[in-house]
Every structure is written in structure tokens, then in C-alpha cells.
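Visitor: Before anything else, here's the structure in question.
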Amino acid sequence: MRDREIDEILKQAAQAPHAVDPALLDRVARSIGSSLAPVRPLPPAWVLACGLVLVSVAVALAGAARLGLFGIQKLSLLQHALIFPVLGILICLAATAFVAEMIPGSRRLLAPGFLLGAASLALLAVFAVLFRDYRTDRFVSQGVACLTAGLLHAVPVALAAWLLLRRGFAVDSMAAGVVAGTLAGLAGVTMLELHCANFEAPHVMLWHTAVMPVCAAAGALLARFARR
Amino acid sequence: MQPASDLEMLMARYQRGDFAAATALIHRLSPQLHRFFVVQLASRGDADDLLQETWMRIHEVRHTYRAGQPVLPWLYAIARHIRVDHYRKALRTAAREEPLEEVPEVAAPLPAPSGATPDLEALLAPLPQSQREVIEMLKVSGMSLEEVARATSSSVGSVKQKAHRAYETLRERLSGARSMKARTGGLS
């Protein structure tokens, strides 16, 4: 049997009339009519994405300025040129993906899991190339401090994303939670890169990068609870 | 099937608070939405409830539709969400209920014999839910691959793959039904 024959059978089946109770439709129309008022459509997707990028960058800069811009002062030109453009691209991608998640029927360019995995791998690769000091002095104490600072600075971005999400409608709340967490985590990592002057490779690769998956997991968990 | 620009125009008027446009959308799109729910193996009663719930949600989030974008992916994305939510609630309810000691086996219905108009629900019944919804959107609602990908939050490649697998299953089933009919026709 050829595809064309199956097409024909499906076409015939689809043409069979499918009636819906007119009383039901009238009831639906009446309930909608009772609360019908003009609404202001959402702004274009690029405006929402730019807003999220600005919030993320502002939170990272403000946080690092408050704690001290020690990291950026100590970074070499090559490290500047690689780390911040990569973080900028990832923040733009995450913001765009988040806006797609909050508008039903949007084109999904990146699956949330893929975005998180690709962003983590990209950061790990950049850090592995740029940092060659493999000492692990005060690995846990300094690491926990950085992870905590990163997570704390991710919170305002996550809140901004949540406020924006309330204006939209996420048909897949878990996916929206993961993407919002990834975006917030990236803001936290950016703050750490501006602030932290500990350039030991294990420290940067583990504790700085970990901010992102931890935030994404928290986003997924919160979305799961919110759905219930 | 509706001309896309017509639906977009009605949707824009609905957002501006035009009741006639809202009613027109409800009457035009409800049959295909209702069929979408019935094809997902919902009973007609459940499909009525799901349809009503879908329109209420559409009304609540109508501001998320953006002018110039296709209406159907937006609408079906919301309908899918309502269906999945309903399915989850049903699962939770079922988990609290005591099961019957013996569940009677129900055979999947065979497609109607050639000559008669085939029944869409029976035809798509053997397919997994993800493939069934893709075929329903592509072949019944007349959406493009890109639109189905938007409605299901997946990629065009994934939609193509599901459609391909669905056709494989349908081919197997329809060929089987055809050869069975030929055999029984030969005996009589």
C-alpha cells in the first residue's frame, strides 16, 4: 500500500462530518461574551528577549560591582575576549528560548535540555582552554562561597522571568522552568566571572559552571510544584 | 479548513473585544478541536468538557496571540496543554480508585471495510498518542509540518519522523485488513 492510498483513506475519513452540540457552542460563546474586553497583545518576542537580556546583564554587573570587580581586573585580554562573548551569546539564546516557552505555538529553536547541556559544555570548554592552574587550594570553602553568591544573584533574574511568565502562558511549565533556571544561572555565572579572582581550573569549571544546572533543576522543581 | 488570514483577522478582532469575531471563531474551530480530542480516544462527553475548558483558557490567554502569526499552532498548543492536564488529573483520580478484579479485554477496532467511509477514530486508534495527534493535525486540520512542530513544541524533523512511523503502522494495518478481506471474499 502506497502513501498516496493512505493519504486518500485519511482524507475520506477526515471529510466525514463531525458535529458538536450547538447548545454547547452557545454556552461557550455566552460565557466568553460575559467577560469580553479588549486586551493588549504581548509585545514582539525580540522586545521581551531584549528585556530579559538587559535584566540579566544588569543583575550580574550590579552584583559584581557590589562584591568587587576583582575577576575582570585580573583576566587577560584573551580571557576577556572569550569568556564574555560566550556568556553574552548564551544569555541571548536562553532569553529567546524563554520567550518562546511563554508564548503558545512559538517556534522552539532549542529544546530546554539541549540548551542547558550545550551551555554547560560550552562554558566547560572555554574554562578548560583558558585556565591551566590545576591546584585545589581551599577547593570546597571557596567553591561553596562562589556557588552561593552565583545562586543568590540568579534569584532576581529568575523573579523577572517569573513575572514575565505570568504575563504569558507556558504550555510546558517544566520546560519553561528549566529555561528560566538556565537564564538565571547564566546571570549568576557572569557575575562570578566579573567578581571572582580565583582562576584555578577545577574551581572555575566545577563551582562556577554548577550555578547553571543547579538553577535549572530548581526551576524544573518549582514548575513541577506550581503545576500541582 | 479555514483560510489562515481569515482566522488571523478574526483573532485580532477577538483581542479587540469583538463578540461577533469570538462567536465566529468558536463556531468555526470547535468541530476540529472537538475531533482532535475525540481522536485522542476521549469519550464524546470528555471531549465536550475539554472543548469548553480549552475555550475558557483561550479566552484567558488571548493576549498571548501575536498578530501575523498562524492561529492554529497557538490554538492547538493550548488544546494539547488542556488534554495533557486532563490526562494527568484522570491518572491521579484513577490511582485513588480501587481497580476491578478482572478487566475485560477490548479489541482495538478495525478500520471500516473499503467502500464505506472509514471512521477516523478507529483508523488512528492503533497509533501511539504522539503519532495520532501529528496525523490529526496534518491530515484533518490541514496544518503544515512547521505549524505542527510549533503546536507540539518540537522540531519539523521530529514531526516528519512521527508521521513516517504512523504511516508505517497504518500501512501494515490497512494491508492486513485488505488481505483478510480478500481471503474471506475468496471463501464465500
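Residues in the C-alpha cells are numbered from 1 in each chain, the chains being A, B, ... in the order shown, and ligands are numbered from 1 in the order shown.
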Which chain B residues are at most 7 Å from chain A (counting only C-alpha atoms), as a ChimeraX atom specification?

Guide: /B:15-17,19,23,26-27,31,35,52,59,61,63-66,73-74,77-78,81,117-120,139-140,150-151,153-154,171,175

Visitor: Create the file for the chosen residues now, containing N, CA and C atoms and written as an mmCIF file, in the first residue's frame.

Guide:
```
data_model
loop_
_atom_site.group_PDB
_atom_site.id
_atom_site.type_symbol
_atom_site.label_atom_id
_atom_site.label_comp_id
_atom_site.auth_asym_id
_atom_site.auth_seq_id
_atom_site.Cartn_x
_atom_site.Cartn_y
_atom_site.Cartn_z
ATOM 1 N N GLN B 15 -9.333 39.913 20.005
ATOM 2 C CA GLN B 15 -8.483 40.590 21.005
ATOM 3 C C GLN B 15 -8.950 42.024 21.257
ATOM 4 N N ARG B 16 -9.603 42.619 20.230
ATOM 5 C CA ARG B 16 -10.090 44.000 20.416
ATOM 6 C C ARG B 16 -11.450 44.016 21.103
ATOM 7 N N GLY B 17 -11.981 42.824 21.434
ATOM 8 C CA GLY B 17 -13.234 42.747 22.190
ATOM 9 C C GLY B 17 -14.475 42.610 21.321
ATOM 10 N N PHE B 19 -17.356 40.686 19.911
ATOM 11 C CA PHE B 19 -18.075 39.453 20.273
ATOM 12 C C PHE B 19 -18.412 38.611 19.032
ATOM 13 N N THR B 23 -17.518 34.692 18.520
ATOM 14 C CA THR B 23 -18.521 33.666 18.213
ATOM 15 C C THR B 23 -18.163 32.950 16.914
ATOM 16 N N ILE B 26 -15.439 30.481 17.561
ATOM 17 C CA ILE B 26 -15.925 29.320 18.311
ATOM 18 C C ILE B 26 -16.655 28.364 17.373
ATOM 19 N N HIS B 27 -17.515 28.905 16.519
ATOM 20 C CA HIS B 27 -18.288 28.035 15.628
ATOM 21 C C HIS B 27 -17.423 27.417 14.525
ATOM 22 N N PRO B 31 -15.531 22.333 15.808
ATOM 23 C CA PRO B 31 -15.613 20.950 15.306
ATOM 24 C C PRO B 31 -14.245 20.284 15.188
ATOM 25 N N ARG B 35 -12.936 17.165 17.430
ATOM 26 C CA ARG B 35 -12.456 15.933 16.780
ATOM 27 C C ARG B 35 -11.050 15.604 17.266
ATOM 28 N N GLN B 52 -14.829 22.852 26.061
ATOM 29 C CA GLN B 52 -15.272 24.004 26.855
ATOM 30 C C GLN B 52 -14.088 24.602 27.646
ATOM 31 N N HIS B 59 -9.653 32.101 26.067
ATOM 32 C CA HIS B 59 -10.179 33.425 26.406
ATOM 33 C C HIS B 59 -9.271 34.123 27.433
ATOM 34 N N VAL B 61 -6.075 33.637 27.945
ATOM 35 C CA VAL B 61 -4.714 33.966 27.474
ATOM 36 C C VAL B 61 -4.724 34.513 26.040
ATOM 37 N N HIS B 63 -4.434 37.334 24.928
ATOM 38 C CA HIS B 63 -3.439 38.376 24.670
ATOM 39 C C HIS B 63 -2.093 37.793 24.233
ATOM 40 N N THR B 64 -1.892 36.477 24.424
ATOM 41 C CA THR B 64 -0.593 35.884 24.037
ATOM 42 C C THR B 64 -0.529 35.575 22.541
ATOM 43 N N TYR B 65 -1.677 35.719 21.853
ATOM 44 C CA TYR B 65 -1.631 35.542 20.396
ATOM 45 C C TYR B 65 -1.034 36.819 19.806
ATOM 46 N N ARG B 66 -0.072 36.638 18.898
ATOM 47 C CA ARG B 66 0.559 37.808 18.279
ATOM 48 C C ARG B 66 0.113 37.939 16.843
ATOM 49 N N PRO B 73 -1.450 26.808 15.236
ATOM 50 C CA PRO B 73 -0.455 26.286 16.194
ATOM 51 C C PRO B 73 -0.676 26.829 17.601
ATOM 52 N N TRP B 74 -1.039 28.113 17.697
ATOM 53 C CA TRP B 74 -1.302 28.727 19.016
ATOM 54 C C TRP B 74 -2.469 28.026 19.701
ATOM 55 N N ALA B 77 -1.651 24.326 20.556
ATOM 56 C CA ALA B 77 -0.715 24.217 21.685
ATOM 57 C C ALA B 77 -1.495 24.305 23.002
ATOM 58 N N ILE B 78 -2.492 25.195 23.031
ATOM 59 C CA ILE B 78 -3.311 25.337 24.248
ATOM 60 C C ILE B 78 -4.196 24.094 24.425
ATOM 61 N N HIS B 81 -2.233 21.289 25.809
ATOM 62 C CA HIS B 81 -1.957 21.514 27.240
ATOM 63 C C HIS B 81 -3.170 21.081 28.070
ATOM 64 N N THR B 117 -17.310 4.777 4.263
ATOM 65 C CA THR B 117 -16.421 5.861 4.681
ATOM 66 C C THR B 117 -15.681 5.401 5.939
ATOM 67 N N PRO B 118 -14.341 5.396 5.915
ATOM 68 C CA PRO B 118 -13.627 4.905 7.097
ATOM 69 C C PRO B 118 -13.826 5.838 8.290
ATOM 70 N N ASP B 119 -13.823 5.238 9.463
ATOM 71 C CA ASP B 119 -14.007 6.013 10.686
ATOM 72 C C ASP B 119 -12.624 6.468 11.171
ATOM 73 N N LEU B 120 -12.440 7.769 11.261
ATOM 74 C CA LEU B 120 -11.118 8.322 11.587
ATOM 75 C C LEU B 120 -10.603 7.849 12.946
ATOM 76 N N LYS B 139 -3.357 15.866 8.685
ATOM 77 C CA LYS B 139 -4.300 15.388 7.677
ATOM 78 C C LYS B 139 -5.734 15.855 7.893
ATOM 79 N N VAL B 140 -6.111 16.116 9.126
ATOM 80 C CA VAL B 140 -7.502 16.530 9.377
ATOM 81 C C VAL B 140 -7.587 18.056 9.471
ATOM 82 N N ARG B 150 5.313 23.714 15.708
ATOM 83 C CA ARG B 150 5.070 24.803 16.672
ATOM 84 C C ARG B 150 4.044 24.371 17.724
ATOM 85 N N ALA B 151 2.971 23.712 17.260
ATOM 86 C CA ALA B 151 1.897 23.323 18.186
ATOM 87 C C ALA B 151 2.369 22.285 19.195
ATOM 88 N N SER B 153 5.580 21.874 20.169
ATOM 89 C CA SER B 153 6.870 22.291 20.746
ATOM 90 C C SER B 153 7.995 21.328 20.373
ATOM 91 N N SER B 154 8.000 20.927 19.110
ATOM 92 C CA SER B 154 9.079 20.029 18.677
ATOM 93 C C SER B 154 9.660 20.550 17.368
ATOM 94 N N ARG B 171 0.015 1.472 7.250
ATOM 95 C CA ARG B 171 0.206 0.634 6.058
ATOM 96 C C ARG B 171 0.070 -0.843 6.431
ATOM 97 N N SER B 175 -3.070 -2.915 5.103
ATOM 98 C CA SER B 175 -2.751 -4.023 4.187
ATOM 99 C C SER B 175 -3.265 -5.331 4.776
#
```

Visitor: Considering only C-alpha atoms, return as a short mmCIF file (atom, residue, chain, number, x, y, z; two decimals) with N, CA and C atoms, in the first residue's frame whatever protein or nucleic-acid residues lie within 9 Å of Ala149 of chain A, sequence-local ones (same chain, fewer than 3 positions apart) excluded.

Guide:
```cif
data_model
loop_
_atom_site.label_atom_id
_atom_site.label_comp_id
_atom_site.auth_asym_id
_atom_site.auth_seq_id
_atom_site.Cartn_x
_atom_site.Cartn_y
_atom_site.Cartn_z
N GLY A 63 25.73 43.14 40.87
CA GLY A 63 26.20 42.20 41.89
C GLY A 63 27.72 42.21 41.99
N VAL A 144 32.08 26.73 47.64
CA VAL A 144 30.72 26.90 48.19
C VAL A 144 30.36 28.39 48.24
N ALA A 145 31.36 29.22 48.58
CA ALA A 145 31.10 30.67 48.63
C ALA A 145 30.71 31.19 47.24
N CYS A 146 31.44 30.75 46.22
CA CYS A 146 31.14 31.19 44.84
C CYS A 146 29.77 30.67 44.40
N LEU A 152 22.57 33.28 44.55
CA LEU A 152 21.84 34.45 45.09
C LEU A 152 21.61 35.49 44.00
N HIS A 153 22.61 35.64 43.11
CA HIS A 153 22.44 36.64 42.04
C HIS A 153 21.55 36.12 40.91
N ALA A 154 21.31 34.83 40.90
CA ALA A 154 20.39 34.29 39.89
C ALA A 154 18.93 34.56 40.29
N GLY A 188 24.12 34.41 37.00
CA GLY A 188 24.97 34.13 38.17
C GLY A 188 26.40 33.85 37.77
N MET A 191 28.18 37.06 36.80
CA MET A 191 28.57 37.83 37.98
C MET A 191 29.86 37.25 38.57
N LEU A 192 29.94 35.90 38.63
CA LEU A 192 31.13 35.27 39.20
C LEU A 192 32.38 35.56 38.36
#
```

Visitor: May I ask for the distance between atom CA of Val155 of chain A and atom CA of Gln79 of chain A, given in Å to one decimal place?

Guide: 26.6 Å

Visitor: How far is it from atom CA of Leu174 of chain B to atom CA of Gly157 of chain B, in Å with one decimal?

Guide: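 Atom CA of Gly157 of chain B lies 25.4 Å from atom CA of Leu174 of chain B.
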
Visitor: Would you mind listing what lies within 12 Å of Leu7 of chain B as a compact mmCIF listing (two decimals) with N, CA and C atoms, in the first residue's frame, with only C-alpha atoms counted and same-chain residues fewer than 4 positions away left out?

Guide:
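Result file selection35.txt:
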```txt
# COMPACT_ATOMS: atom_id res chain seq x y z
N MET B 1 -11.45 23.30 6.56
CA MET B 1 -10.25 24.11 6.75
C MET B 1 -10.53 25.58 6.46
N GLN B 2 -9.93 26.46 7.23
CA GLN B 2 -10.21 27.88 7.08
C GLN B 2 -9.00 28.56 6.42
N PRO B 3 -9.27 29.61 5.60
CA PRO B 3 -8.12 30.39 5.11
C PRO B 3 -7.42 31.02 6.32
N MET B 11 -9.10 36.59 14.92
CA MET B 11 -8.40 36.56 16.21
C MET B 11 -8.03 37.98 16.65
N ALA B 12 -7.57 38.79 15.71
CA ALA B 12 -7.20 40.18 16.05
C ALA B 12 -8.45 40.94 16.52
N ARG B 13 -9.58 40.69 15.85
CA ARG B 13 -10.83 41.37 16.26
C ARG B 13 -11.28 40.87 17.65
N TYR B 14 -11.10 39.58 17.88
CA TYR B 14 -11.44 39.00 19.20
C TYR B 14 -10.62 39.68 20.29
N ALA B 21 -16.70 38.30 16.34
CA ALA B 21 -15.49 37.58 15.92
C ALA B 21 -15.25 36.38 16.84
N ALA B 22 -15.48 36.58 18.15
CA ALA B 22 -15.29 35.48 19.10
C ALA B 22 -16.26 34.34 18.78
N ALA B 24 -17.73 33.72 15.92
CA ALA B 24 -17.36 33.11 14.64
C ALA B 24 -16.21 32.12 14.82
N LEU B 25 -15.22 32.50 15.63
CA LEU B 25 -14.08 31.60 15.88
C LEU B 25 -14.56 30.32 16.57
N ILE B 26 -15.44 30.48 17.56
CA ILE B 26 -15.92 29.32 18.31
C ILE B 26 -16.65 28.36 17.37
N HIS B 27 -17.51 28.91 16.52
CA HIS B 27 -18.29 28.04 15.63
C HIS B 27 -17.42 27.42 14.52
N ARG B 28 -16.41 28.14 14.09
CA ARG B 28 -15.57 27.61 13.01
C ARG B 28 -14.57 26.57 13.50
N LEU B 29 -13.99 26.83 14.65
CA LEU B 29 -12.87 25.97 15.07
C LEU B 29 -13.27 24.84 16.01
N TYR B 65 -1.68 35.72 21.85
CA TYR B 65 -1.63 35.54 20.40
C TYR B 65 -1.03 36.82 19.81
N ALA B 67 -0.36 39.14 16.49
CA ALA B 67 -0.89 39.40 15.15
C ALA B 67 0.13 38.98 14.10
N GLY B 68 -0.37 38.37 13.04
CA GLY B 68 0.50 37.96 11.94
C GLY B 68 1.04 36.54 12.09
N GLN B 69 0.91 35.97 13.26
CA GLN B 69 1.37 34.59 13.48
C GLN B 69 0.21 33.64 13.16
N PRO B 70 0.51 32.40 12.74
CA PRO B 70 -0.58 31.47 12.44
C PRO B 70 -1.41 31.15 13.70
N VAL B 71 -2.73 31.11 13.53
CA VAL B 71 -3.63 30.90 14.67
C VAL B 71 -3.62 29.44 15.14
N LEU B 72 -3.64 28.52 14.17
CA LEU B 72 -3.82 27.11 14.54
C LEU B 72 -2.74 26.55 15.48
N PRO B 73 -1.45 26.81 15.24
CA PRO B 73 -0.46 26.29 16.19
C PRO B 73 -0.68 26.83 17.60
N TRP B 74 -1.04 28.11 17.70
CA TRP B 74 -1.30 28.73 19.02
C TRP B 74 -2.47 28.03 19.70
N LEU B 75 -3.53 27.82 18.91
CA LEU B 75 -4.75 27.20 19.44
C LEU B 75 -4.51 25.74 19.85
```

Visitor: Counting only C-alpha atoms, what is within 12 Å of Val134 of chain B, bar same-chain residues fewer than 6 positions away, as a PyMOL selection string?

Guide: chain B and resi 36+39-40+73+76+80+124+127-128+140-154+156+158-167

Visitor: Could you please determine the separation between atom CA of Phe37 of chain B and atom CA of Tyr87 of chain B in Å, to one decimal place?

Guide: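 Atom CA of Phe37 of chain B sits 11.4 Å away from atom CA of Tyr87 of chain B.
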